[in-house]
$ cat protein.cif   # mmCIF, C-alpha atoms
data_work
loop_
_atom_site.label_atom_id
_atom_site.label_comp_id
_atom_site.auth_asym_id
_atom_site.auth_seq_id
_atom_site.Cartn_x
_atom_site.Cartn_y
_atom_site.Cartn_z
CA MET A 298 -10.06 78.66 -42.00
CA LEU A 299 -11.23 75.06 -41.63
CA VAL A 300 -7.70 73.93 -40.77
CA HIS A 301 -7.26 76.84 -38.36
CA ASP A 302 -10.60 76.20 -36.65
CA THR A 303 -9.98 72.46 -36.45
CA ALA A 304 -6.57 73.09 -34.86
CA LEU A 305 -8.17 75.36 -32.25
CA VAL A 306 -10.82 72.81 -31.30
CA TYR A 307 -8.29 69.97 -31.38
CA GLY A 308 -5.90 71.90 -29.15
CA ARG A 309 -8.64 72.57 -26.61
CA TYR A 310 -9.60 68.93 -26.28
CA ILE A 311 -6.12 67.44 -26.47
CA ARG A 312 -5.12 69.68 -23.54
CA GLN A 313 -8.06 68.27 -21.60
CA SER A 314 -6.84 64.75 -22.35
CA LEU A 315 -3.29 65.55 -21.29
CA ARG A 316 -4.58 66.89 -17.97
CA SER A 317 -6.35 63.55 -17.40
CA ARG A 318 -3.33 61.28 -17.67
CA PHE A 319 -4.87 58.60 -15.47
CA ALA A 320 -7.88 58.33 -17.77
CA LEU A 321 -5.53 58.26 -20.76
CA LEU A 322 -3.78 55.18 -19.41
CA PHE A 323 -6.89 53.59 -17.90
CA GLY A 324 -8.51 53.38 -21.34
CA VAL A 325 -6.06 50.70 -22.43
CA LEU A 326 -6.67 48.56 -19.33
CA MET A 327 -9.42 46.30 -20.70
CA PRO A 328 -7.58 45.27 -23.90
CA LEU A 329 -4.45 44.81 -21.80
CA LEU A 330 -6.29 42.40 -19.51
CA TYR A 331 -7.42 40.41 -22.54
CA LEU A 332 -3.84 40.39 -23.75
CA VAL A 333 -2.39 39.15 -20.46
CA PHE A 334 -5.07 36.68 -19.35
CA PHE A 335 -6.61 35.53 -22.64
CA GLY A 336 -3.66 35.66 -25.03
CA PRO A 337 -1.62 32.85 -23.41
CA LEU A 338 -4.60 30.48 -23.73
CA LEU A 339 -4.33 30.68 -27.53
CA THR A 340 -0.62 29.87 -27.76
CA GLY A 341 -0.04 26.95 -30.09
CA LEU A 342 -3.67 26.61 -31.19
CA PRO A 343 -4.51 26.46 -34.93
CA LEU A 344 -6.29 29.74 -35.63
CA GLY A 345 -6.97 29.65 -39.34
CA GLY A 346 -3.53 30.28 -40.83
CA HIS A 347 -3.23 33.94 -39.77
CA GLY A 348 0.19 33.51 -38.23
CA SER A 349 0.86 33.14 -34.53
CA SER A 350 -1.81 33.50 -31.89
CA TRP A 351 -0.49 36.99 -31.07
CA GLN A 352 -0.82 38.03 -34.72
CA VAL A 353 -4.47 36.99 -34.52
CA LEU A 354 -5.34 38.43 -31.13
CA VAL A 355 -3.52 41.78 -31.10
CA PRO A 356 -5.19 43.25 -34.24
CA GLY A 357 -8.57 42.37 -32.76
CA LEU A 358 -7.71 44.00 -29.44
CA LEU A 359 -6.56 47.16 -31.19
CA LEU A 360 -9.87 47.44 -33.03
CA GLN A 361 -11.72 46.62 -29.81
CA LEU A 362 -9.93 49.56 -28.22
CA GLY A 363 -11.13 51.88 -30.97
CA LEU A 364 -14.60 50.33 -31.14
CA PHE A 365 -15.56 50.71 -27.49
CA GLY A 366 -13.65 53.92 -26.85
CA ALA A 367 -14.97 55.79 -29.87
CA LEU A 368 -18.58 54.64 -29.49
CA PHE A 369 -18.73 56.02 -25.96
CA ALA A 370 -17.04 59.32 -26.90
CA GLY A 371 -20.45 60.98 -27.22
CA PHE A 372 -20.86 61.08 -23.45
CA MET A 373 -18.63 64.17 -23.50
CA ILE A 374 -21.08 66.04 -25.74
CA ILE A 375 -23.97 65.24 -23.39
CA ILE A 376 -21.98 66.64 -20.45
CA GLU A 377 -21.03 69.74 -22.45
CA LYS A 378 -24.66 70.34 -23.42
CA SER A 379 -25.72 70.22 -19.78
CA GLN A 380 -22.96 72.70 -18.84
CA GLY A 381 -23.72 75.15 -21.65
CA VAL A 382 -20.43 74.59 -23.49
CA VAL A 383 -22.18 73.61 -26.71
CA GLU A 384 -24.41 76.67 -26.51
CA ARG A 385 -21.38 78.96 -26.18
CA MET A 386 -19.67 77.30 -29.13
CA ARG A 387 -22.80 77.81 -31.22
CA VAL A 388 -22.45 81.59 -31.18
CA THR A 389 -18.85 81.54 -32.43
CA PRO A 390 -17.94 81.74 -36.14
CA VAL A 391 -16.05 78.44 -35.96
CA SER A 392 -16.92 75.98 -38.73
CA ARG A 393 -19.37 73.27 -37.69
CA LEU A 394 -17.17 70.71 -39.46
CA ALA A 395 -14.21 71.94 -37.40
CA LEU A 396 -16.21 71.43 -34.20
CA LEU A 397 -16.59 67.79 -35.18
CA LEU A 398 -13.13 67.21 -36.67
CA GLY A 399 -11.33 68.74 -33.70
CA ARG A 400 -13.07 66.32 -31.38
CA VAL A 401 -12.67 63.17 -33.46
CA LEU A 402 -9.03 63.89 -34.27
CA ARG A 403 -8.37 64.24 -30.55
CA ASP A 404 -10.04 60.87 -30.04
CA ALA A 405 -7.98 59.32 -32.84
CA THR A 406 -4.78 60.69 -31.30
CA VAL A 407 -5.65 59.26 -27.88
CA PHE A 408 -6.61 55.82 -29.14
CA VAL A 409 -3.61 55.49 -31.45
CA PHE A 410 -1.40 56.39 -28.49
CA GLN A 411 -3.12 53.71 -26.42
CA ALA A 412 -2.72 51.29 -29.33
CA VAL A 413 1.03 51.93 -29.31
CA LEU A 414 1.16 51.06 -25.60
CA LEU A 415 -0.83 47.87 -26.23
CA VAL A 416 1.47 46.79 -29.08
CA LEU A 417 4.55 47.40 -26.92
CA ALA A 418 3.05 45.20 -24.20
CA ALA A 419 2.22 42.54 -26.81
CA VAL A 420 5.79 42.60 -28.13
CA ALA A 421 7.02 41.98 -24.59
CA MET A 422 4.71 38.95 -24.41
CA GLY A 423 5.82 37.45 -27.72
CA LEU A 424 4.22 39.33 -30.63
CA ARG A 425 6.36 39.44 -33.74
CA ALA A 426 5.03 41.47 -36.66
CA PRO A 427 6.56 43.57 -39.46
CA LEU A 428 6.83 47.28 -38.72
CA ALA A 429 4.86 48.17 -41.85
CA GLY A 430 2.02 45.90 -40.72
CA VAL A 431 1.97 47.48 -37.27
CA LEU A 432 1.83 50.98 -38.77
CA ILE A 433 -0.99 49.94 -41.10
CA GLY A 434 -2.81 48.66 -38.03
CA PHE A 435 -2.49 52.07 -36.36
CA GLY A 436 -3.96 53.61 -39.50
CA PHE A 437 -7.00 51.34 -39.26
CA VAL A 438 -7.43 52.21 -35.58
CA GLY A 439 -7.33 55.91 -36.44
CA LEU A 440 -9.90 55.59 -39.23
CA LEU A 441 -12.19 53.44 -37.09
CA THR A 442 -11.98 55.98 -34.27
CA VAL A 443 -12.81 58.92 -36.54
CA SER A 444 -15.82 57.14 -38.05
CA LEU A 445 -17.32 55.76 -34.83
CA ALA A 446 -16.62 58.88 -32.79
CA SER A 447 -18.37 60.97 -35.47
CA LEU A 448 -21.45 58.76 -35.25
CA SER A 449 -21.28 58.75 -31.46
CA TYR A 450 -21.20 62.55 -31.29
CA ALA A 451 -24.06 62.74 -33.81
CA LEU A 452 -26.18 60.40 -31.68
CA ALA A 453 -25.27 62.29 -28.50
CA MET A 454 -26.50 65.52 -30.08
CA LYS A 455 -29.90 63.89 -30.57
CA VAL A 456 -30.41 62.46 -27.07
CA ARG A 457 -30.95 64.37 -23.86
CA THR A 458 -29.48 62.25 -21.08
CA PRO A 459 -26.74 59.64 -20.56
CA GLN A 460 -29.51 57.19 -19.60
CA GLU A 461 -30.77 57.33 -23.18
CA PHE A 462 -27.32 57.25 -24.76
CA GLY A 463 -25.74 54.35 -22.85
CA PRO A 464 -28.24 51.57 -23.71
CA LEU A 465 -28.19 52.51 -27.40
CA ILE A 466 -24.40 52.28 -27.54
CA ASN A 467 -24.36 48.98 -25.64
CA ALA A 468 -26.91 47.58 -28.09
CA VAL A 469 -24.48 48.35 -30.93
CA SER A 470 -21.08 47.66 -29.39
CA MET A 471 -21.52 44.12 -28.10
CA PRO A 472 -22.99 42.56 -31.28
CA SER A 473 -20.35 44.43 -33.28
CA MET A 474 -17.57 42.84 -31.24
CA LEU A 475 -19.04 39.34 -31.34
CA LEU A 476 -19.84 39.34 -35.07
CA SER A 477 -16.61 40.97 -36.22
CA GLY A 478 -14.27 38.22 -35.07
CA LEU A 479 -12.20 40.54 -32.91
CA MET A 480 -11.21 37.79 -30.50
CA LEU A 481 -10.92 34.89 -32.96
CA PRO A 482 -11.34 34.55 -36.75
CA MET A 483 -14.95 33.95 -37.73
CA THR A 484 -13.82 31.16 -40.07
CA LEU A 485 -13.36 29.00 -36.96
CA GLY A 486 -17.11 29.09 -36.31
CA PRO A 487 -20.03 27.45 -38.12
CA ALA A 488 -20.68 28.47 -41.71
CA TRP A 489 -23.87 30.41 -40.91
CA LEU A 490 -22.04 32.57 -38.37
CA ASP A 491 -19.21 33.23 -40.79
CA VAL A 492 -21.71 34.32 -43.47
CA LEU A 493 -23.58 36.54 -41.02
CA SER A 494 -20.35 38.25 -39.97
CA HIS A 495 -19.77 39.50 -43.53
CA PHE A 496 -22.64 41.96 -43.00
CA MET A 497 -20.62 43.58 -40.20
CA PRO A 498 -18.17 46.17 -41.65
CA PHE A 499 -15.65 45.75 -38.83
CA ARG A 500 -15.08 42.18 -40.00
CA TYR A 501 -13.25 43.51 -43.06
CA LEU A 502 -11.02 45.75 -40.95
CA VAL A 503 -9.89 43.00 -38.61
CA ASP A 504 -9.21 40.60 -41.50
CA ALA A 505 -7.09 43.27 -43.20
CA MET A 506 -5.15 44.01 -40.02
CA ARG A 507 -4.41 40.33 -39.45
CA ASP A 508 -3.05 40.06 -42.97
CA ALA A 509 -0.90 43.15 -42.35
CA TYR A 510 0.48 41.62 -39.17
CA VAL A 511 1.78 38.62 -41.12
CA GLY A 512 3.21 40.80 -43.89
CA SER A 513 0.49 40.30 -46.53
CA TYR A 514 -0.29 43.71 -47.97
CA THR A 515 -1.80 42.91 -51.40
CA THR A 516 -4.58 40.50 -50.45
CA ALA A 517 -8.30 40.89 -51.10
CA HIS A 518 -8.77 41.29 -47.34
CA MET A 519 -6.50 44.33 -47.37
CA LEU A 520 -8.34 45.90 -50.31
CA TYR A 521 -11.76 45.36 -48.75
CA GLY A 522 -10.52 46.59 -45.38
CA VAL A 523 -9.19 49.85 -46.81
CA LEU A 524 -12.33 50.46 -48.88
CA VAL A 525 -14.63 49.81 -45.92
CA ALA A 526 -12.54 51.91 -43.52
CA VAL A 527 -12.34 54.91 -45.87
CA GLY A 528 -15.98 54.63 -46.95
CA LEU A 529 -17.23 54.32 -43.38
CA THR A 530 -15.13 57.30 -42.30
CA ALA A 531 -16.42 59.51 -45.14
CA LEU A 532 -20.03 58.53 -44.44
CA ALA A 533 -19.73 58.99 -40.67
CA VAL A 534 -18.06 62.42 -40.92
CA SER A 535 -20.74 63.55 -43.37
CA VAL A 536 -23.51 62.40 -41.03
CA GLY A 537 -21.81 63.96 -38.02
CA THR A 538 -21.29 67.28 -39.77
CA ARG A 539 -24.91 67.38 -40.90
CA VAL A 540 -26.13 66.74 -37.36
CA PHE A 541 -23.80 69.37 -35.91
CA ARG A 542 -25.11 71.93 -38.40
CA THR A 543 -28.79 71.20 -37.93
CA ALA A 544 -28.48 70.89 -34.16
CA GLY A 545 -26.65 74.23 -33.96
CA ALA A 546 -23.59 72.78 -32.26
#

$ encode --input "protein.cif" --output "structure tokens"
Amino acid sequence: MLVHDTALVYGRYIRQSLRSRFALLFGVLMPLLYLVFFGPLLTGLPLGGHGSSWQVLVPGLLLQLGLFGALFAGFMIIIEKSQGVVERMRVTPVSRLALLLGRVLRDATVFVFQAVLLVLAAVAMGLRAPLAGVLIGFGFVGLLTVSLASLSYALAMKVRTPQEFGPLINAVSMPSMLLSGLMLPMTLGPAWLDVLSHFMPFRYLVDAMRDAYVGSYTTAHMLYGVLVAVGLTALAVSVGTRVFRTAGA
């Protein structure tokens, strides 16, 4: 029943996304601008031995896509609460976990699709990476989306208005981007900043993706990245499910 219920919820929201094709493509605009206008500035610069500048920048942009997109996914729940959609779902026998999984799997599908478009644009601009590394990168984007979207929906269930939700998400998203080394490896900065960044879980994901993009699949970075991604996803889904149950979503 969980699979059946999840498929129903997923189908409902993926159809909404397909009807909003402009929004689907617009979501990749910001990382694409970074790719086009910031990427060429890094060409030929020594960036810590992670391969070419594109192999450093593109993994960070992919995670940036998932980071910002998934964190703001909760706005949809706030809108649905105001329109009574959540209240109508509450009286159905659908599993509360399915109500969460259907949403976050839709988000993961959308952001992985956008990640594919971004990688294709990067290849046109000069990115060269092994196919296995690119596919591993999509896996990290999917896991990051599921975890952050789950937390975003959980937070949105607790707040009443977008005015409360937006500042909280901004307070999390910007430090996360700056301390994770999404744009450039943190090893290029001062030692204290590099040490501080190790307390940010996204740091381990971007290091693992950069190794994958140069064909290194058995490094410590890859192991830590997988462990953090899987652990964060399990924790976030558990928290999200608990909130959905107690909030009667």

$ resolve_selection --input "protein.cif" --expression "the PyMOL selection byres ((chain A and resi 463) around 10)" --output "JSON, numbers by chain"
{"A": [368, 369, 371, 372, 453, 458, 459, 460, 461, 462, 464, 465, 466, 467, 468]}

$ closest_residue --input "protein.cif" --among "A:Leu493, A:Leu520, A:Leu396, A:Val438" --to "Val413 in chain A" --atoms "all atoms listed in the file"
A:Val438

$ closest_residue --input "protein.cif" --among "A:Leu344, A:Leu362, A:Val333, A:Val300" --to "Thr484 in chain A" --atoms "only C-alpha atoms"
A:Leu344

$ resolve_selection --input "protein.cif" --expression "the PyMOL selection byres ((chain A and resi 513) around 12)" --output "VMD selection string"
chain A and resid 347 to 348 426 to 427 429 to 431 433 504 to 512 514 to 520

$ closest_residue --input "protein.cif" --among "A:Tyr501, A:Pro356, A:Ser317, A:Leu330" --to "Leu424 in chain A" --atoms "only C-alpha atoms"
A:Pro356

$ residues_around --input "protein.cif" --residues "range 384-395 of chain A" --least-positions-apart "2" --cutoff "6 Å" --atoms "all atoms listed in the file" --output "PyMOL selection string"
chain A and resi 302-303+381-382+397-399+538+542+545-546

$ residues_around --input "protein.cif" --residues "Ile374 in chain A" --least-positions-apart "3" --cutoff "8 Å" --atoms "only C-alpha atoms" --output "PyMOL selection string"
chain A and resi 370-371+377-378+383+450+453-454

$ closest_residue --input "protein.cif" --among "A:Leu402, A:Leu475, A:Leu481, A:Ala488" --to "Val443 in chain A" --atoms "only C-alpha atoms"
A:Leu402

$ residues_near_point --input "protein.cif" --point "(-23.6, 53.4, -42.6)" --cutoff "12 Å" --atoms "all atoms listed in the file" --output "MDAnalysis selection string"
chainID A and resid 444:445 447:448 496:499 525:537

$ atom_distance --input "protein.cif" --atom1 "CA of Leu359 in chain A" --atom2 "CA of Ala412 in chain A"
5.9 Å

$ atom_distance --input "protein.cif" --atom1 "CA of Met327 in chain A" --atom2 "CA of Ala451 in chain A"
25.6 Å

$ atom_distance --input "protein.cif" --atom1 "CA of Arg403 in chain A" --atom2 "CA of Val420 in chain A"
26.0 Å

$ resolve_selection --input "protein.cif" --expression "the PyMOL selection byres ((chain A and resi 329) around 10)" --output "NGL selection string"
:A and (323-328 or 330-336 or 355 or 358-359 or 362 or 414-416 or 418-419)

$ closest_residue --input "protein.cif" --among "A:Leu441, A:Gln313, A:Ser470, A:Val503" --to "Met483 in chain A" --atoms "all atoms listed in the file"
A:Val503
